[in-house]
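S.K.: Once you've had a glance at the structure underneath, I'll fire off some questions.
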Amino acid sequence: MINREDFATEIKLRKNVRQAIKIIKGRRSNKLMESKNKEKHLRNIIQDLLIEAQAAVTTTAKHASTGINMLEDLLKNSNILSVLEKGYKSLTTDKEQRTSYRNHILVAVEKSLAPEESRKLSSDTEVEATEEVGGPLAEDISIDVDRPEDDPDFIDVEEKEVVKDDGEVEKEEFAITGADKTGRNKAYTDFQTISKVILRAYDDLDNPEDLDLFEEYLIKNLALYFDKWESDLETTVEEPAAAADAEANLGAEEAPGEEIDLEAGEDVDVGEEEEEIELQEVLRHLNVDDIIKNLL
């Protein structure tokens, strides 16, 4: 059985524990808010510095490589980054969707540039071979047919229109085996928007070194931007473990079913008298060091 003094002491103790938990959580919340405000302020300063630096750079301050210059112009003056950022950040159900989106975009960019580079290199080889061997002049060739297509020597290289079922076949070819399909589908849609812009800039280059640098640093920069956008999404802050444990322990003490056996005929008045009990008197029955250790 619990006597009147012990019962009053326990109630006072629980009240003080609750108050201590609130104070600790409040302090930690204030520290976290202060830290976030400082980080936000620092980000704003850095952003202002970057804007000022970009404004100070003149159009003549270029890189040593034409390929890098073309890439910088592409990323600054096109919608590529805005399209990819919007698509990437829209996938919020789980990280697998964003990982799939990222991988599909990077692989698709690499695959789209590979045939263009091969075409340019093979074209240069054919021109060199023709110059070495020598060929007939255009004025020496006469065509007697009405339509060039009717000549038996005509080689038709025009691509024939291929009818696909709502793009499903092409989408399956775009896919990476085992990757999340939601991320794949979103990446497929967005890549259709940006692919022509990339190829148009890439097609302006001819030097093999410029082609290699353009492709290499395009993929590297896209990967870095994906990392940046992922960090932007990581804003969830979990409750400190110590506060969660303290609340769990307090809840267990107040669980339903706890019985207090009082002596028959004795009324317990938990009112102003118990509220006036000094904290020092309560602490006589407690191990203060253990309580502070558990709270912190």
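Residues are referred to by chain and number: the chain letter is A, B, ... according to the order shown in the structure tokens, the number counts from 1 in that chain, and ligands are numbered separately from 1 in the order shown.
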Residues near segment 92-104 of chain A, anyone? I mean within 7 Å using only C-alpha atoms, not counting same-chain ones fewer than 6 positions away, as a PyMOL selection string.

M.R.: chain A and resi 176+179-180+182-184+186-187+226

S.K.: Extract, using only C-alpha atoms, all DNA, RNA and protein residues at most 10 Å from Glu172 of chain A, discarding same-chain residues fewer than 6 positions from it, and format them as an MDAnalysis selection string.

M.R.: chainID A and resid 181 184:185 188

S.K.: Please produce a file of those selected residues containing C-alpha atoms, as a JSON list (two decimals), in the first residue's frame.

M.R.:
[["chain", "number", "residue", "atom", "x", "y", "z"],
["A", 181, "LYS", "CA", 9.39, 2.23, -63.31],
["A", 184, "ARG", "CA", 11.93, 5.56, -65.50],
["A", 185, "ASN", "CA", 8.68, 6.92, -66.93],
["A", 188, "TYR", "CA", 11.69, 9.16, -70.30]]

S.K.: Could you give me, as a PyMOL selection string, the residues within 12 Å of Leu74 of chain A, counting only C-alpha atoms and dropping anything in the same chain fewer than 3 positions from it?

M.R.: chain A and resi 67-71+77-81+194-202+204+214+217-218+221

S.K.: Residues of the last selection are to be written out with C-alpha atoms, as a CSV table (one decimal), in the first residue's frame.

M.R.:
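Wrote selection.csv, looks like this:
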chain,number,residue,atom,x,y,z
A,67,GLY,CA,33.6,22.1,-75.7
A,68,ILE,CA,33.4,23.4,-72.1
A,69,ASN,CA,32.3,26.8,-73.3
A,70,MET,CA,29.5,25.3,-75.3
A,71,LEU,CA,28.5,23.2,-72.3
A,77,ASN,CA,20.8,29.4,-71.4
A,78,SER,CA,18.5,26.4,-71.7
A,79,ASN,CA,15.8,24.8,-69.7
A,80,ILE,CA,17.7,21.5,-69.1
A,81,LEU,CA,18.5,22.0,-65.4
A,194,ILE,CA,15.9,18.1,-73.3
A,195,SER,CA,17.5,15.6,-75.7
A,196,LYS,CA,17.1,17.8,-78.8
A,197,VAL,CA,18.6,20.8,-77.1
A,198,ILE,CA,21.7,18.7,-76.0
A,199,LEU,CA,22.2,17.2,-79.4
A,200,ARG,CA,21.9,20.6,-81.1
A,201,ALA,CA,24.7,22.0,-79.0
A,202,TYR,CA,26.8,18.9,-79.4
A,204,ASP,CA,28.0,22.3,-83.4
A,214,PHE,CA,31.6,18.2,-73.6
A,217,TYR,CA,31.6,17.2,-68.1
A,218,LEU,CA,27.9,17.3,-69.1
A,221,ASN,CA,27.7,18.2,-63.9

S.K.: Mind checking which residues fall within 9 Å of Trp229 of chain A, counting only C-alpha atoms, ignoring those fewer than 4 positions away in the same chain, and posting them as a compact mmCIF listing (two decimals) with C-alpha atoms, in the first residue's frame?

M.R.:
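The file below, around.txt, is the result:
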# COMPACT_ATOMS: atom_id res chain seq x y z
CA GLU A 85 15.17 19.58 -61.16
CA TYR A 88 13.57 14.88 -59.88
CA LYS A 89 12.00 16.73 -56.95
CA LEU A 224 26.49 16.85 -59.25
CA TYR A 225 23.20 18.69 -59.73
CA LEU A 233 15.00 17.31 -50.17

S.K.: Report the distance between atom CA of Pro115 of chain A and atom CA of His63 of chain A in Å, rounded to one decimal place.

M.R.: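 Atom-to-atom, atom CA of Pro115 of chain A and atom CA of His63 of chain A are spaced 26.2 Å apart.
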
S.K.: Would you mind reading off the distance between atom CA of Lys111 of chain A and atom CA of Phe191 of chain A, one decimal, in Å?

M.R.: 11.9 Å
